[in-house]
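**Student:** Below you will find the structure I want to go over with you.
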Amino acid sequence: MKTEAGPYDFLPAAGTFSRGSVTVDVTNTLRHAIVTLALPPGMTLDKSAICAQLGVSRFPVSEALARLAEEGLVDIAPQRGSTVSLVKIADVREYMLIRKGLESEALRVLIGKHDADVIAALHANMAAQREAASRDDAETFHQIDVDFHDIIFRTMRLSKVKAIIDRARANLDRARRMIITPRRLALTIAEHQAIFDGILAANAPQAIAAIRAHIDAVMVELFAFAADHAEHFADGAEFAPEKDDFPFG
(Lines give C-alpha, C1' and ligand atoms only; values in the text may rest on other atoms or scores of the structure.)
Protein backbone atom coordinates (compact mmCIF):
# COMPACT_ATOMS: atom_id res chain seq x y z
CA MET A 1 0.00 0.00 0.00
CA LYS A 2 1.32 3.45 -0.91
CA THR A 3 1.43 6.31 1.51
CA GLU A 4 -1.36 8.85 1.08
CA ALA A 5 1.06 11.58 0.07
CA GLY A 6 2.65 9.28 -2.50
CA PRO A 7 6.11 10.90 -2.38
CA TYR A 8 7.65 8.02 -4.32
CA ASP A 9 4.98 7.38 -6.96
CA PHE A 10 7.68 7.55 -9.65
CA LEU A 11 9.21 4.34 -8.28
CA PRO A 12 7.91 0.92 -9.39
CA ALA A 13 4.73 -0.30 -7.75
CA ALA A 14 4.59 -3.08 -5.18
CA GLY A 15 4.99 -6.57 -6.62
CA THR A 16 7.45 -5.56 -9.36
CA PHE A 17 10.51 -7.36 -7.99
CA SER A 18 11.20 -11.09 -8.02
CA ARG A 19 12.13 -12.72 -4.73
CA GLY A 20 15.58 -13.88 -5.74
CA SER A 21 16.97 -10.44 -6.53
CA VAL A 22 15.06 -7.99 -4.35
CA THR A 23 18.09 -6.24 -2.85
CA VAL A 24 19.80 -5.86 -6.22
CA ASP A 25 16.58 -4.63 -7.84
CA VAL A 26 15.91 -2.11 -5.07
CA THR A 27 19.51 -0.87 -5.28
CA ASN A 28 19.29 -0.45 -9.05
CA THR A 29 15.90 1.26 -8.79
CA LEU A 30 17.06 3.79 -6.21
CA ARG A 31 20.36 4.39 -8.02
CA HIS A 32 18.48 5.14 -11.24
CA ALA A 33 16.15 7.53 -9.40
CA ILE A 34 19.12 9.35 -7.89
CA VAL A 35 21.15 9.52 -11.10
CA THR A 36 18.19 10.80 -13.12
CA LEU A 37 17.47 13.39 -10.39
CA ALA A 38 14.00 12.00 -9.62
CA LEU A 39 15.50 11.85 -6.13
CA PRO A 40 17.38 15.18 -6.12
CA PRO A 41 20.55 16.03 -4.17
CA GLY A 42 19.83 16.77 -0.53
CA MET A 43 16.44 15.01 -0.44
CA THR A 44 15.62 13.18 2.80
CA LEU A 45 14.77 9.53 2.17
CA ASP A 46 11.76 8.11 4.01
CA LYS A 47 12.61 4.43 4.33
CA SER A 48 9.09 3.40 5.39
CA ALA A 49 7.50 5.19 2.45
CA ILE A 50 9.99 3.62 0.03
CA CYS A 51 9.21 0.17 1.46
CA ALA A 52 5.49 0.82 1.04
CA GLN A 53 5.86 2.02 -2.54
CA LEU A 54 8.07 -0.88 -3.60
CA GLY A 55 6.21 -3.47 -1.55
CA VAL A 56 9.33 -4.79 0.16
CA SER A 57 10.56 -5.20 3.73
CA ARG A 58 12.99 -2.81 5.40
CA PHE A 59 16.00 -5.09 4.98
CA PRO A 60 16.49 -4.77 1.17
CA VAL A 61 15.91 -1.00 1.36
CA SER A 62 18.42 -0.65 4.21
CA GLU A 63 20.94 -2.79 2.34
CA ALA A 64 20.36 -0.83 -0.88
CA LEU A 65 20.95 2.49 0.91
CA ALA A 66 24.15 1.10 2.44
CA ARG A 67 25.42 0.08 -1.00
CA LEU A 68 24.52 3.45 -2.47
CA ALA A 69 26.32 5.14 0.43
CA GLU A 70 29.48 3.24 -0.60
CA GLU A 71 29.02 4.66 -4.11
CA GLY A 72 28.77 8.18 -2.74
CA LEU A 73 25.11 8.61 -3.73
CA VAL A 74 23.54 8.49 -0.26
CA ASP A 75 24.56 9.93 3.11
CA ILE A 76 23.56 7.90 6.18
CA ALA A 77 23.64 9.69 9.52
CA PRO A 78 23.05 7.58 12.67
CA GLN A 79 19.78 8.55 14.39
CA ARG A 80 19.08 11.11 11.65
CA GLY A 81 18.26 8.94 8.65
CA SER A 82 19.41 8.99 5.06
CA THR A 83 19.59 11.71 2.43
CA VAL A 84 20.58 11.81 -1.21
CA SER A 85 24.15 13.06 -1.21
CA LEU A 86 25.06 16.41 -2.67
CA VAL A 87 27.19 16.17 -5.81
CA LYS A 88 30.89 16.73 -5.22
CA ILE A 89 32.39 18.72 -8.06
CA ALA A 90 35.88 17.76 -6.87
CA ASP A 91 35.04 14.09 -7.45
CA VAL A 92 33.51 14.85 -10.84
CA ARG A 93 36.64 16.77 -11.84
CA GLU A 94 38.87 13.82 -10.97
CA TYR A 95 36.66 11.47 -12.97
CA MET A 96 36.78 13.80 -15.96
CA LEU A 97 40.57 13.83 -15.77
CA ILE A 98 40.58 10.02 -15.80
CA ARG A 99 38.23 10.04 -18.80
CA LYS A 100 40.38 12.54 -20.59
CA GLY A 101 43.42 10.29 -20.41
CA LEU A 102 41.68 6.99 -21.08
CA GLU A 103 39.56 8.20 -23.98
CA SER A 104 42.58 9.84 -25.59
CA GLU A 105 44.33 6.47 -25.54
CA ALA A 106 41.17 4.71 -26.73
CA LEU A 107 41.11 6.98 -29.78
CA ARG A 108 44.70 6.04 -30.61
CA VAL A 109 43.71 2.37 -30.52
CA LEU A 110 40.54 2.92 -32.54
CA ILE A 111 42.24 4.93 -35.27
CA GLY A 112 45.07 2.40 -35.47
CA LYS A 113 42.63 -0.48 -36.02
CA HIS A 114 40.49 1.16 -38.73
CA ASP A 115 37.54 -0.86 -37.37
CA ALA A 116 34.69 -0.56 -39.90
CA ASP A 117 32.07 -1.84 -37.44
CA VAL A 118 33.00 0.82 -34.89
CA ILE A 119 32.88 3.53 -37.55
CA ALA A 120 29.41 2.33 -38.57
CA ALA A 121 28.27 2.35 -34.94
CA LEU A 122 29.51 5.92 -34.51
CA HIS A 123 27.73 7.00 -37.72
CA ALA A 124 24.48 5.54 -36.36
CA ASN A 125 25.06 7.10 -32.96
CA MET A 126 25.58 10.59 -34.43
CA ALA A 127 22.32 10.25 -36.36
CA ALA A 128 20.53 9.14 -33.18
CA GLN A 129 21.93 12.14 -31.29
CA ARG A 130 20.53 14.54 -33.86
CA GLU A 131 17.16 12.81 -33.85
CA ALA A 132 16.86 12.92 -30.06
CA ALA A 133 17.94 16.58 -29.99
CA SER A 134 15.34 17.46 -32.64
CA ARG A 135 12.69 16.15 -30.22
CA ASP A 136 14.35 17.86 -27.25
CA ASP A 137 14.44 14.42 -25.62
CA ALA A 138 17.14 15.08 -23.04
CA GLU A 139 16.98 11.69 -21.31
CA THR A 140 17.29 9.69 -24.54
CA PHE A 141 20.04 12.02 -25.71
CA HIS A 142 21.94 11.46 -22.49
CA GLN A 143 21.90 7.69 -22.99
CA ILE A 144 23.04 8.06 -26.62
CA ASP A 145 25.78 10.45 -25.47
CA VAL A 146 27.02 7.87 -22.96
CA ASP A 147 27.02 5.21 -25.68
CA PHE A 148 29.05 7.44 -28.02
CA HIS A 149 31.89 7.43 -25.50
CA ASP A 150 31.40 3.74 -24.72
CA ILE A 151 31.75 2.83 -28.41
CA ILE A 152 35.13 4.54 -28.42
CA PHE A 153 36.18 3.12 -25.08
CA ARG A 154 35.20 -0.47 -25.94
CA THR A 155 37.98 -0.58 -28.53
CA MET A 156 40.50 -0.86 -25.69
CA ARG A 157 38.89 -4.07 -24.38
CA LEU A 158 39.96 -3.33 -20.80
CA SER A 159 37.07 -4.69 -18.77
CA LYS A 160 38.56 -3.93 -15.34
CA VAL A 161 39.26 -0.31 -16.24
CA LYS A 162 35.77 0.04 -17.71
CA ALA A 163 34.27 -1.33 -14.49
CA ILE A 164 36.05 1.40 -12.52
CA ILE A 165 34.83 4.04 -14.94
CA ASP A 166 31.24 2.75 -14.77
CA ARG A 167 31.32 2.77 -10.97
CA ALA A 168 32.45 6.38 -10.93
CA ARG A 169 29.98 7.47 -13.62
CA ALA A 170 26.90 7.85 -11.40
CA ASN A 171 27.91 11.13 -9.81
CA LEU A 172 29.11 12.52 -13.14
CA ASP A 173 25.80 11.60 -14.76
CA ARG A 174 23.90 13.42 -12.00
CA ALA A 175 25.94 16.55 -12.58
CA ARG A 176 25.69 16.39 -16.36
CA ARG A 177 21.93 16.03 -16.30
CA MET A 178 21.72 19.34 -14.46
CA ILE A 179 23.19 21.21 -17.42
CA ILE A 180 21.26 19.50 -20.22
CA THR A 181 19.60 22.29 -22.21
CA PRO A 182 18.84 22.63 -25.94
CA ARG A 183 22.01 24.73 -26.19
CA ARG A 184 24.14 22.04 -24.52
CA LEU A 185 22.62 19.35 -26.76
CA ALA A 186 23.62 21.34 -29.86
CA LEU A 187 27.12 21.98 -28.52
CA THR A 188 27.58 18.32 -27.61
CA ILE A 189 26.60 17.21 -31.11
CA ALA A 190 29.10 19.66 -32.63
CA GLU A 191 31.82 18.51 -30.22
CA HIS A 192 31.11 14.85 -30.93
CA GLN A 193 31.16 15.54 -34.66
CA ALA A 194 34.61 17.11 -34.30
CA ILE A 195 35.82 13.94 -32.57
CA PHE A 196 34.25 11.78 -35.26
CA ASP A 197 35.78 13.92 -38.03
CA GLY A 198 39.20 13.19 -36.57
CA ILE A 199 38.42 9.46 -36.49
CA LEU A 200 37.19 9.48 -40.11
CA ALA A 201 40.33 11.33 -41.18
CA ALA A 202 42.45 8.75 -39.31
CA ASN A 203 44.05 11.75 -37.61
CA ALA A 204 44.75 10.79 -34.00
CA PRO A 205 46.03 14.23 -32.87
CA GLN A 206 42.92 15.90 -34.31
CA ALA A 207 40.53 13.43 -32.66
CA ILE A 208 42.35 13.57 -29.32
CA ALA A 209 42.38 17.37 -29.30
CA ALA A 210 38.63 17.32 -30.02
CA ILE A 211 37.77 14.91 -27.23
CA ARG A 212 39.87 16.84 -24.72
CA ALA A 213 38.18 20.09 -25.77
CA HIS A 214 34.77 18.44 -25.39
CA ILE A 215 35.48 17.21 -21.86
CA ASP A 216 36.90 20.61 -20.87
CA ALA A 217 33.85 22.44 -22.24
CA VAL A 218 31.43 20.29 -20.27
CA MET A 219 33.48 20.68 -17.11
CA VAL A 220 33.63 24.48 -17.37
CA GLU A 221 29.83 24.57 -17.72
CA LEU A 222 29.51 22.36 -14.67
CA PHE A 223 31.73 24.70 -12.65
CA ALA A 224 29.60 27.67 -13.63
CA PHE A 225 26.34 25.83 -12.88
CA ALA A 226 27.64 24.66 -9.49
CA ALA A 227 28.66 28.17 -8.53
CA ASP A 228 25.16 29.45 -9.37
CA HIS A 229 23.29 26.51 -7.79
CA ALA A 230 25.44 25.69 -4.80
CA GLU A 231 22.53 24.06 -2.95
CA HIS A 232 22.89 20.93 -5.13
CA PHE A 233 26.62 20.58 -4.52
CA ALA A 234 28.81 19.87 -1.53
CA ASP A 235 31.51 22.16 -2.87
CA GLY A 236 29.96 24.13 -5.73
CA ALA A 237 31.06 27.61 -4.68
CA GLU A 238 34.69 26.47 -4.52
CA PHE A 239 34.92 25.66 -8.20
CA ALA A 240 33.95 28.76 -10.13
CA PRO A 241 35.87 28.68 -13.44
CA GLU A 242 37.81 31.87 -12.75
CA LYS A 243 39.12 30.46 -9.48
CA ASP A 244 40.04 27.00 -10.70
CA ASP A 245 42.99 25.55 -12.56
CA PHE A 246 40.89 23.40 -14.91
CA PRO A 247 41.55 22.30 -17.62
CA PHE A 248 44.56 20.23 -16.72
CA GLY A 249 46.16 20.63 -20.13
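Chain labels A, B, ... are given in the sequence in which chains occur in the C-alpha coordinates; within each chain residues are numbered consecutively from 1, and ligands are likewise numbered from 1 in the order shown.
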Would you list, as number ranges by chain, the residues of stretch 171-206 of chain A that end up in alpha helix (DSSP H) under DSSP run on this structure's backbone?

**Tutor:** A: 171-178, 182-200, 204-206

**Student:** Any idea what's packed within 10 Å of A:Val87, counting only C-alpha atoms, ignoring anything in its chain fewer than 4 positions away? Could you give it as JSON, numbers by chain?

**Tutor:** {"A": [40, 41, 42, 72, 73, 91, 92, 171, 172, 174, 175, 226, 230, 231, 232, 233, 234, 235, 236]}

**Student:** Considering only C-alpha atoms, can you say which of A:Lys88, A:Arg183, A:Arg31, A:His229 comes closest to A:Ala64?

**Tutor:** A:Arg31

**Student:** Name all residues at most 9 Å from A:Ala202 (count only C-alpha atoms; drop same-chain ones fewer than 4 positions away) and give them as a list in words.

**Tutor:**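 Returned residues: Ile111, Gly112, His114, Asp197, Gly198, Gln206 and Ala207 of chain A.
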
**Student:** Give the answer as one residue: which of A:Ser159, A:Gln53, A:Gln193, A:Thr36 has the shortest atom-to-atom distance to A:His142, using only C-alpha atoms?

**Tutor:** A:Thr36

**Student:** I'd like to know which of A:Val118, A:Val26, A:Ile165, A:Leu185 is closest to A:Asp145, using only C-alpha atoms.

**Tutor:**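 Once distances to A:Asp145 are computed over only C-alpha atoms, the minimum belongs to A:Leu185.
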